[in-house]
Structure formats: C-alpha cells, structure tokens
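> After the structure tokens below, expect a handful of questions from me.
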Amino acid sequence: MGFVFSPQSEAKHGSARSLSPPAMDQETGVYQNHIKKQSWKTILTLAYQSLGVVYGDLSTSPLYVYKSTFAEDIDHSETNEEIFGVLSFVFWTLTLIPLLKYVFIVLKADDNGEGGTFALYSLLCRHARVSSLPNSQSADEELSDYNKARAGTALQSSIGSRLKSTLERHKVLQRFLLVLALIGTCMVIGDGVLTPALSVFSAVSGLELSMSEKHHKYVEVPIACIILIGLFALQHYGTHRVGFLFAPIVLIWLLCISAIGVYNILHFNPSVYKALSPYYMYKFLRKTQKGGWMSLGGIMLCITGSEAMFADLGHFTQLSIQIAFTSLVYPALVLAYMGQAAYISSHHNVGKNSQIGFYPSVPGRHLHFKPRHSSENLRWPVLVIAVLAAVVGSQAIITGTFSIIKQCSALDCFPRVKIVHTSSKIHGQVYIPEINWILMVLCLAVTIGFRDTKRMGNASVISVMLVTTCLMSLVIVLCWQQSVFVAIGFVVFFGTIEALYFSASLVKFPEGAWVPVALALCFFFVMYVWHYGTIKKYEFEVQNKVSINWLLSLGPSLGIVRVRGIGLIHTDLVSGIPAIFSHFVTNLPAFHQVLVFLCIKSVPVPHVRPEERFLVGQIGPKEYRLYRCIVRYGYRDVHKDDMEFENDLMCSIAEFIRSGSTEFSVAVEDAGKEDDKMTVVGTRSTHADGIQMSEDINVEMSPSGQIEIRSPPVAQRRKKVRFIVPESPKINTGTREELQELMEAREAGIVYIVGNTYTNAKKGSSFMRRFAINYGYEFLRRNSRTSSYALSVPHASALEVGMIYHV
C-alpha cells in the first residue's frame with residue numbers, strides 16, 4: 001500500500017487511453033452522431049442498416065391494409081370507386097404523415113441525436129425549466145448537452161416567452177405535460193403487443209390459399225403462436241446477434257412487393273395511377289358515407305410503425321433515415337398498394353371481397369383458387385419472405401419497447417426492473433426479462449383471442465401520433481422559437497388528419513379498439529402511481545433531512561467508533577443529510593472511517609459526458625471524512641458494472657481531495673440551504689493527468705520463471721490498493737494524509753448502505769392518495785427490483801435497513 005509518484009507510469013496511462021477515442025466509450029454514445037456524419041459511405045451504410053430496424057413494421061402493412069378496410073364496412077363494386085378511393089387515402093396518408101410530418105419535420109426535433117416521445121418531453125423540460133425529476137439542480141444546467149439546448153432562448157417571441165413563463169408557474173400544466181408524454185409512451189408499449197400479433201398472423205394467413213377454409217383456421221393460429229413464442233424466447237440473445245440478417249430481409253421484401261406491384265399495374269389496370277388524385281377521396285366518402293368513414297380504421301394501418309423513424313433516431317442519423325425512406329421505402333410501398341388496387345379493380349365479380357388482400361394479388365394465379373404450378377413456385381417464397389419480414393418488424397417494436405421502458409425507469413416513471421445490455425458496442429440495445437415475458441403472454445392472448453386480422457386491425461389506434469403532434473407544437477414555439485401561428489397550423493393540419501383516423505378507430509371500440517386503450521391505461525396507471533409515490537417519498541426525505549449543524553455537533557468521530565472501510569450511504573438527496581443516517585448513528589455502535597453520501601440520479605438529457613459524470617463535495621471539516629458524490633446519468637446512458645463504478649468513484653474522490661475545488665475549472669454551489677460546494681470531476685478515462693488507481697494481488701515467481709497467483713491465508717487476504725499520483729503539483733501533508741486514509745479504507749472494503757423504505761399515506765389523506773400510496777405504490781415497490789439491485793450492488797456488500805415513511 002502506498003503512493004506512487006510516477007510521471008512515466010502516468011504517461012503510459014495517457015498513451016494507452018489515447019488509442020481508445022471518446023467515440024468508442026461504451027459508457028455513452030454521445031459522440032456517435034459526430035462519427036456517423038463523417039462520410040457519405042457511412043451515411044449510406046446507416047441508411048441500409050435502418051431498413052431492418054426502423055421499417056420492418058411499416059413495410060409489412062400491405063399484408064393487411066386492404067383486407068382490413070374491405071372486411072365489413074364497404075364492398076368493392078364494379079365502378080371501382082371504392083378501391084380507387086381507398087388507394088387515394090392510402091397514398092395521401094403515406095405522403096402526409098410519414099413523409100411530410102416525420103421525415104421532414106419531426107426528425108429535426110431531436111434531443112442531441114435522440115428521438116421519441118421522451119426526447120420531445122426532455123427538450124420542453126429544459127427550455128421551459130420544467131422537470132418531473134425532484135432532485136434536479138442548477139448544476140445540471142451546466143452540462144454540455146443541456147447548454148446546447150438552451151442556446152438562443154433570449155430570442156423568443158413575446159408569445160413564446162409568455163407560454164414559457166406560464167408553464168414554469170403552474171404545476172397543473174407541468175403535470176399535464178408529463179401525463180401527455182406518459183400517454184404517448186404507453187401507447188407505444190401497447191403497440192409492442194399488437195404489432196407482433198398482427199404482423200405475424202397476417203403473414204401466416206397466406207396459408208389459407210393452399211387449404212380449405214375449414215382447415216386453415218386450425219393451422220394459422222398455432223403456427224403464429226409458435227413463431228411468436230420463438231421470437232420472444234430469442235430476445236435475450238440481443239438484436240446484434242441476428243441484426244445482420246434484418247436489413248437484407250426487409251430489402252428483399254420491399255423489392256418483392258414493389259415488383260409484384262409493377263407487374264399487377266401493367267397487367268391488370270395501368271390507369272390506376274389516376275386514383276392518386278385527392279378527388280377520389282371525396283368521391284369515396286360521398287358514395288360510402290358512414291361506411292367509408294368507419295373503414296378509415298383499416299386505411300390507418302398503412303402508417304403503423306411510422307413513429308419508429310423518430311423513436312429509433314438515436315441509433316442512426318437524421319439524413320440516413322430520410323434517404324432510406326424517400327429513396328426506397330416510400331416508393332416501394334406506393335407501388336405495392338397501387339399494384340394491389342390494380343389487381344382488385346379487375347376482380348370485382350368474384351366472390352364479393354374474396355379477392356381482396358395481398359396474397360391473392362401474387363402473380364400467376366387463376367381466379368378460383370386453383371393454383372398453377374408457376375404460382376405455387378412463387379407463392380411459397382413470398383410467404384417465407386413475408387413471415388421473415390413480419391418477424392423483423394415485430395423485433396423492432398419489441399426492442400423499442402425495451403428501450404422506452406429503460407428511459408421511463410431512468411426518469412422515475414417505471415418500477416425498477418432488470419435491464420440487461422445485450423451489446424457492448426451499440427448503446428441502447430437492452431433486454432428486460434420481466435417485460436419480455438409479459439409482452440409474450442399478452443401477444444399470445446391477442447392472437448388467440450381475435451384469430452382474425454380484421455379484428456386485430458381494429459385494435460390499433462393513432463393516439464401516439466396525436467401526442468407527438470401536440471408536443472411538437474410546443475417544441476416549435478419554445479425550442480425552435482417560431483411563430484405561434486406556425487405551431488397552430490401544424491396542430492390543425494396534422495391533428496385534423498390524425499383525429500379523423502382516431503375517431504374511426506374508436507367507433508369500433510367494442511370490436512377490438514378497447515385492447516390498446518386498456519393496455520395503455522394499465523401501463524399509465526403503473527407509471528403515474530410509481531412517479532407519484534417517488535415524488536412524495538422524496539418530498540418526505542427533504543422535509544425530514546438532518547441539518548449539518550447537528551452533524552457537526554457530534555465531532556469528528558460522530559459520537560461512535562469509526563472502523564476501517566468505506567460506507568456508501570445511498571440517498572436521493574442532493575443536499576443535506578438523509579434521515580436514515582441519524583437512524584444509523586443513534587442505533588449502531590460503529591461506522592466506517594470514510595463515509596460517502598452517494599446520489600445516483602438521472603438528468604433530462606440523453607447522455608452525460610464522462611468528464612461531467614461526478615459532482616464531488618466535502619461535508620464538514622476534513623477530519624470528519626464525510627463526502628458527498630452525485631453521479632449523473634442521461635436517460636439513454638449505460639450504467640457501468642459495480643467494479644468499474646467503484647474505481648471511478650474512488651478516483652473521483654481522490655482527485656477532488658488532491659486538486660481541491662478552487663483549482664478546478666468548473667465549480668458549482670448547490671442552491672439549497674446547506675453550504676455544500678460541489679465540484680465537477682470526470683471519470684478515470686477523462687483525466688489521464690490526474691490520479692489513477694491500481695489494485696494488486698499477491699504474486700510469486702515459481703522456480704521455472706512463470707508467475708503463480710496464490711491465495712494467501714484468509715487472515716491476510718486483501719487487495720493492495722495504490723493511488724498513482726502525478727508528481728506535480730505538489731500536495732501538502734494534510735492532503736497526503738487524507739488520500740492515505742481513503743486508500744486504507746478502500747483496501748478494507750466498501751459497504752453499500754441502502755434504505756429500504758415502507759411508504760404509507762398520512763392519516764387524514766384523501767381516498768385517492770391512500771389508494772395510490774398504500775396499495776398501488778407499495779404493491780409495485782414490493783414486486784419490483786430492490787434499490788441495491790438497481791444499483792448493481794454486490795449482494796455481499798449490501799446493507800439494507802428498513803424505515804417507514806408517512807407521506
């Protein structure tokens with residue numbers, strides 16, 4: 001044990017780390033977008049890769065759109081007005097929503113390269129100083145990504161300034177904004193149940209053309225269920241294991257449906273292009289009236305999966321997604337829908353609506369389901385490609401659901417769950433076992449319960465797009481600083497289109513639209529109750545925290561025996577002493593020689609740079625050996641494992657001791673009543689010229705010259721910890737002693753002290769509050785992961801103490 005003053009050693013550290021640029025840091029993906037924009041080759045590669053991740057769901061919609069639209073409400077007549085009207089609706093819906101709204105407008109509202117509902121909410125929280133996180137600090141606004149978002153806010157219009165101040169003053173509006181974001185998030189999670197069921201079942205339904213109606217009903221459901229079970233069972237391997245197959249499958253599928261579409265257009269009805277005129281939408285509604293309006297729920301399915309372009313933005317770039325959609329996905333889908341319309345327009349006399357759908361339009365078939373040999377050779381490959389494309393689309397929405405729940409959990413809007421990072425190279429690829437099996441059970445229930453693509457189609461609603469439209473209108477005013485009339489025009493134009501489809505879906509509420517609504521309500525209840533309970537618990541801790549004066553009155557020994565080792569007292573407080581510590585001091589005879597009040601919190605940015613990860617401060621005089629460390633993560637950051645985290649934490653405290661807050665380039669003071677000065681300290685990889693840590697184990701040389709690692713006796717077994725300190729600047733005696741004691745404590749070991757709280761509503765609380773706290777929040781707390789598990793605390797190093805909070 002000891003200090004090593006070694007400039008040469010430090011130089012080795014620096015040179016070794018220079019081989020690993022920040023862009024390759026597994027801890028954060030904040031630099032990835034910069035790397036992605038280096039060349040056109042990189043952009044085109046990302047555009048190709050996005051096919052398998054972003055467009056799997058959207059590209060499989062031709063399997064079921066026409067079949068769902070003509071299932072019940074309208075029939076195809078000899079005039080072809082119905083099919084031409086539906087084609088016109090499909091074309092303009094694809095053009096206005098995915099192409100115009102998402103590709104050219106919404107994609108620009110990224111949060112430092114990240115997309116999705118929470119990205120919009122995060123942008124609004126920062127620009128309007130509105131945050132759902134209770135332990136936010138003014139120091140968080142000094143983060144690099146936070147500052148980028150706030151650039152130019154002084155140039156806002158007078159209306160924008162009034163809107164911003166109104167949001168900041170009224171808690172009700174802030175709560176409504178959170179509820180809106182949660183609703184959009186819950187609808188995406190509900191889509192994670194419906195999309196796999198609808199896509200896989202629609203793809204498997206091609207089997208009905210090769211067997212009688214009596215038999216295929218008993219074959220489709222079991223096969224679809226087997227595929228779904230296999231899909232969810234493979235999730236723990238991670239997307240990256242089979243990701244290289246996804247893009248080729250979707251590419252082949254898009255080329256396949258576009259080629260079939262071109263053939264059908266030329267062979268059956270070359271004049272089908274006339275239906276692209278919006279006049280046919282008017283003719284369609286005038287003729288079909290209520291039936292046509294109700295059929296819009298089926299037409300709406302052509303844009304399912306459009307939200308994925310924005311939600312998965314963090315894995316790609318804006319330009320790569322725009323190139324992939326405009327150059328390949330959009331033309332292929334338009335040709336596929338035109339081809340199906342051309343085929344249907346020349347088969348209106350056969351068995352009412354029996355010829356409507358994707359598989360009947362596959363070339364080379366007779367009209368009465370008597371396949372020729374050539375059609376058999378073509379139909380089976382198309383069926384296989386369709387099933388694979390449906391699996392890819394389902395995989396994308398399942399992975400997206402995992403990512404969304406991770407973000408919600410990071411922002412205290414979802415109970416603690418086990419989050420497994422399936423890729424060490426690609427941030428954001430996660431697997432959540434509990435959610436995976438819940439989704440599988442719900443997905444199988446939907447498949448078995450509906451057994452019909454038409455009824456499954458009725459179960460899809462467009463509410464998440466409405467939420468995005470509402471949040472985007474606020475982004476236009478508050479973040480982009482555009483005129484309020486531009487925001488109103490955006491809401492009126494796109495909101496009217498989406499509300500029309502939304503109303504058509506809700507009319508069929510009893511037939512299946514209740515499923516996503518019910519799922520969204522269940523997830524919304526879980527999220528809001530958890531967030532509400534977390535806020536109330538934090539407010540209780542703030543009200544009952546211990547004053548610094550009480551702590552200082554105990555003296556350097558705190559009135560108890562100080563034993564060797566480090567005690568990490570986990571707390572959500574960013575200032576003051578948690579009440580649980582006074583409980584420890586009054587009931588335990590001894591405590592560790594070094595105490596660290598550790599707060600691990602999320603901030604409303606997607607990524608926190610490693611050099612801004614830690615805020616370190618000292619509580620009381622140096623001889624108390626009390627420190628506060630706040631560890632900040634973005635909602636898309638990967639948390640390091642316990643050993644790496646411990647080493648980074650110790651080095652950050654040691655660097656704080658060595659340099660002192662006055663010598664740091666950035667120093668902030670908490671705005672609370674306590675005089676806690678916090679200093680920004682980076683991870684070990686960001687200060688190569690600072691303190692590094694080395695851990696040695698006992699080794700001996702064998703007679704043959706080889707190194708043998710021998711376990712010493714139990715009484716002597718311990719790690720040798722050394723701080724590698726740069727030779728300059730010189731450190732004084734007091735600092736040397738403080739570093740020496742920190743090093744001795746690290747050798748003795750670290751204990752994580754976590755409070756396991758039981759929360760009850762106060763007497764006299766309202767019924768809703770008692771129900772939410774005593775039953776809802778407590779049920780979720782008991783059935784979720786513990787705090788020590790969420791922090792990746794080794795079981796042998798955890799000390800949990802229970803306390804009852806009356807909030």
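Chain identifiers are assigned as A, B, and so on, following the order in which chains appear in the structure tokens; residues are numbered from 1 within each chain, and ligands are numbered from 1 in order of appearance.
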DSSP on the backbone, alpha helix (DSSP H) only: what residues of range 60-183 of chain A does that give? Format it as a VMD selection string.
chain A and resid 65 to 69 81 to 94 117 to 127 144 to 149 158 to 169 171 to 183
> At a cut-off of 8 Å, using only C-alpha atoms, what residues contact Cys599 in chain A? Leave out same-chain residues fewer than 3 positions from it and give the result as a PyMOL selection string.
chain A and resi 570-574+628-631
> Considering only C-alpha atoms, can you say which of A:Tyr337, A:Phe490, A:Phe246, A:Tyr102 comes closest to Ala311 in chain A?
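Smallest distance to Ala311 in chain A is found for A:Tyr102.
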> Would you give me, as an MDAnalysis selection string, the residues in range 448-612 of chain A that DSSP reads as strand (DSSP E)?
chainID A and resid 561:570 590:603
> Write out as JSON, numbers by chain the residues lying within 10 Å of Ser295 in chain A, counting only C-alpha atoms and excluding same-chain residues fewer than 3 positions away.
{"A": [66, 68, 69, 70, 71, 72, 73, 74, 86, 288, 290, 291, 292, 298, 299, 300, 458, 501, 504, 505, 508]}
> Only N, CA, C and O atoms, please: the residues just picked out, written as a PDB file, in the first residue's frame.

```
ATOM      1  N   TYR A  66     -55.679  -3.540 -47.114  1.00  0.00           N
ATOM      2  CA  TYR A  66     -56.890  -3.668 -47.931  1.00  0.00           C
ATOM      3  C   TYR A  66     -57.855  -4.690 -47.343  1.00  0.00           C
ATOM      4  O   TYR A  66     -59.075  -4.502 -47.388  1.00  0.00           O
ATOM      5  N   SER A  68     -58.307  -5.459 -44.194  1.00  0.00           N
ATOM      6  CA  SER A  68     -58.990  -4.870 -43.048  1.00  0.00           C
ATOM      7  C   SER A  68     -59.985  -3.793 -43.481  1.00  0.00           C
ATOM      8  O   SER A  68     -61.060  -3.648 -42.891  1.00  0.00           O
ATOM      9  N   THR A  69     -59.658  -3.044 -44.528  1.00  0.00           N
ATOM     10  CA  THR A  69     -60.518  -1.952 -44.970  1.00  0.00           C
ATOM     11  C   THR A  69     -61.826  -2.465 -45.564  1.00  0.00           C
ATOM     12  O   THR A  69     -62.911  -1.937 -45.279  1.00  0.00           O
ATOM     13  N   PHE A  70     -61.754  -3.537 -46.380  1.00  0.00           N
ATOM     14  CA  PHE A  70     -62.939  -4.063 -47.049  1.00  0.00           C
ATOM     15  C   PHE A  70     -63.580  -5.219 -46.288  1.00  0.00           C
ATOM     16  O   PHE A  70     -64.422  -5.924 -46.829  1.00  0.00           O
ATOM     17  N   ALA A  71     -63.181  -5.428 -45.050  1.00  0.00           N
ATOM     18  CA  ALA A  71     -63.663  -6.606 -44.322  1.00  0.00           C
ATOM     19  C   ALA A  71     -65.155  -6.562 -44.065  1.00  0.00           C
ATOM     20  O   ALA A  71     -65.833  -7.575 -44.120  1.00  0.00           O
ATOM     21  N   GLU A  72     -65.712  -5.386 -43.776  1.00  0.00           N
ATOM     22  CA  GLU A  72     -67.102  -5.364 -43.328  1.00  0.00           C
ATOM     23  C   GLU A  72     -67.860  -4.108 -43.735  1.00  0.00           C
ATOM     24  O   GLU A  72     -69.001  -4.178 -44.179  1.00  0.00           O
ATOM     25  N   ASP A  73     -67.243  -2.951 -43.637  1.00  0.00           N
ATOM     26  CA  ASP A  73     -67.979  -1.693 -43.763  1.00  0.00           C
ATOM     27  C   ASP A  73     -68.324  -1.335 -45.204  1.00  0.00           C
ATOM     28  O   ASP A  73     -69.352  -0.712 -45.458  1.00  0.00           O
ATOM     29  N   ILE A  74     -67.453  -1.659 -46.141  1.00  0.00           N
ATOM     30  CA  ILE A  74     -67.710  -1.310 -47.540  1.00  0.00           C
ATOM     31  C   ILE A  74     -67.437  -2.522 -48.422  1.00  0.00           C
ATOM     32  O   ILE A  74     -66.701  -3.440 -48.046  1.00  0.00           O
ATOM     33  N   VAL A  86     -59.934   4.221 -51.695  1.00  0.00           N
ATOM     34  CA  VAL A  86     -59.061   3.692 -50.652  1.00  0.00           C
ATOM     35  C   VAL A  86     -57.599   3.903 -51.029  1.00  0.00           C
ATOM     36  O   VAL A  86     -56.771   4.301 -50.194  1.00  0.00           O
ATOM     37  N   THR A 288     -69.771   6.222 -50.054  1.00  0.00           N
ATOM     38  CA  THR A 288     -69.848   5.255 -48.950  1.00  0.00           C
ATOM     39  C   THR A 288     -70.355   5.872 -47.653  1.00  0.00           C
ATOM     40  O   THR A 288     -70.846   5.154 -46.780  1.00  0.00           O
ATOM     41  N   LYS A 290     -71.121   6.852 -44.146  1.00  0.00           N
ATOM     42  CA  LYS A 290     -70.727   6.352 -42.821  1.00  0.00           C
ATOM     43  C   LYS A 290     -69.836   5.116 -42.924  1.00  0.00           C
ATOM     44  O   LYS A 290     -68.865   4.971 -42.182  1.00  0.00           O
ATOM     45  N   GLY A 291     -70.143   4.213 -43.847  1.00  0.00           N
ATOM     46  CA  GLY A 291     -69.324   3.011 -44.017  1.00  0.00           C
ATOM     47  C   GLY A 291     -67.901   3.342 -44.413  1.00  0.00           C
ATOM     48  O   GLY A 291     -66.942   2.728 -43.940  1.00  0.00           O
ATOM     49  N   GLY A 292     -67.773   4.354 -45.309  1.00  0.00           N
ATOM     50  CA  GLY A 292     -66.430   4.761 -45.705  1.00  0.00           C
ATOM     51  C   GLY A 292     -65.656   5.386 -44.569  1.00  0.00           C
ATOM     52  O   GLY A 292     -64.448   5.161 -44.423  1.00  0.00           O
ATOM     53  N   GLY A 298     -59.173   0.830 -41.027  1.00  0.00           N
ATOM     54  CA  GLY A 298     -58.328  -0.111 -41.759  1.00  0.00           C
ATOM     55  C   GLY A 298     -57.282   0.604 -42.592  1.00  0.00           C
ATOM     56  O   GLY A 298     -56.132   0.163 -42.689  1.00  0.00           O
ATOM     57  N   ILE A 299     -57.654   1.740 -43.218  1.00  0.00           N
ATOM     58  CA  ILE A 299     -56.702   2.509 -44.018  1.00  0.00           C
ATOM     59  C   ILE A 299     -55.558   3.031 -43.142  1.00  0.00           C
ATOM     60  O   ILE A 299     -54.404   3.080 -43.569  1.00  0.00           O
ATOM     61  N   MET A 300     -55.897   3.382 -41.907  1.00  0.00           N
ATOM     62  CA  MET A 300     -54.904   3.919 -40.984  1.00  0.00           C
ATOM     63  C   MET A 300     -53.748   2.961 -40.745  1.00  0.00           C
ATOM     64  O   MET A 300     -52.629   3.379 -40.414  1.00  0.00           O
ATOM     65  N   ASN A 458     -58.651  -3.507 -36.020  1.00  0.00           N
ATOM     66  CA  ASN A 458     -59.488  -2.581 -35.277  1.00  0.00           C
ATOM     67  C   ASN A 458     -58.869  -2.213 -33.942  1.00  0.00           C
ATOM     68  O   ASN A 458     -59.261  -1.217 -33.325  1.00  0.00           O
ATOM     69  N   TYR A 501     -58.778   9.760 -38.299  1.00  0.00           N
ATOM     70  CA  TYR A 501     -58.492   8.323 -38.200  1.00  0.00           C
ATOM     71  C   TYR A 501     -58.753   7.800 -36.788  1.00  0.00           C
ATOM     72  O   TYR A 501     -59.249   6.680 -36.596  1.00  0.00           O
ATOM     73  N   ALA A 504     -62.429   7.182 -36.274  1.00  0.00           N
ATOM     74  CA  ALA A 504     -62.883   5.985 -36.976  1.00  0.00           C
ATOM     75  C   ALA A 504     -62.490   4.720 -36.230  1.00  0.00           C
ATOM     76  O   ALA A 504     -63.215   3.723 -36.240  1.00  0.00           O
ATOM     77  N   SER A 505     -61.328   4.740 -35.553  1.00  0.00           N
ATOM     78  CA  SER A 505     -60.896   3.572 -34.779  1.00  0.00           C
ATOM     79  C   SER A 505     -61.741   3.407 -33.520  1.00  0.00           C
ATOM     80  O   SER A 505     -62.109   2.279 -33.155  1.00  0.00           O
ATOM     81  N   LYS A 508     -65.124   1.603 -33.452  1.00  0.00           N
ATOM     82  CA  LYS A 508     -65.093   0.142 -33.340  1.00  0.00           C
ATOM     83  C   LYS A 508     -64.500  -0.306 -32.010  1.00  0.00           C
ATOM     84  O   LYS A 508     -63.878  -1.358 -31.916  1.00  0.00           O
TER      85      LYS A 508
END
```
> Leaving out Val585 in chain A and any residue of its chain fewer than 2 positions from it, which residues lie within 12 Å of it when counting only C-alpha atoms, given as a PyMOL selection string?
chain A and resi 546+550-551+554+557-562+577-583+587-592
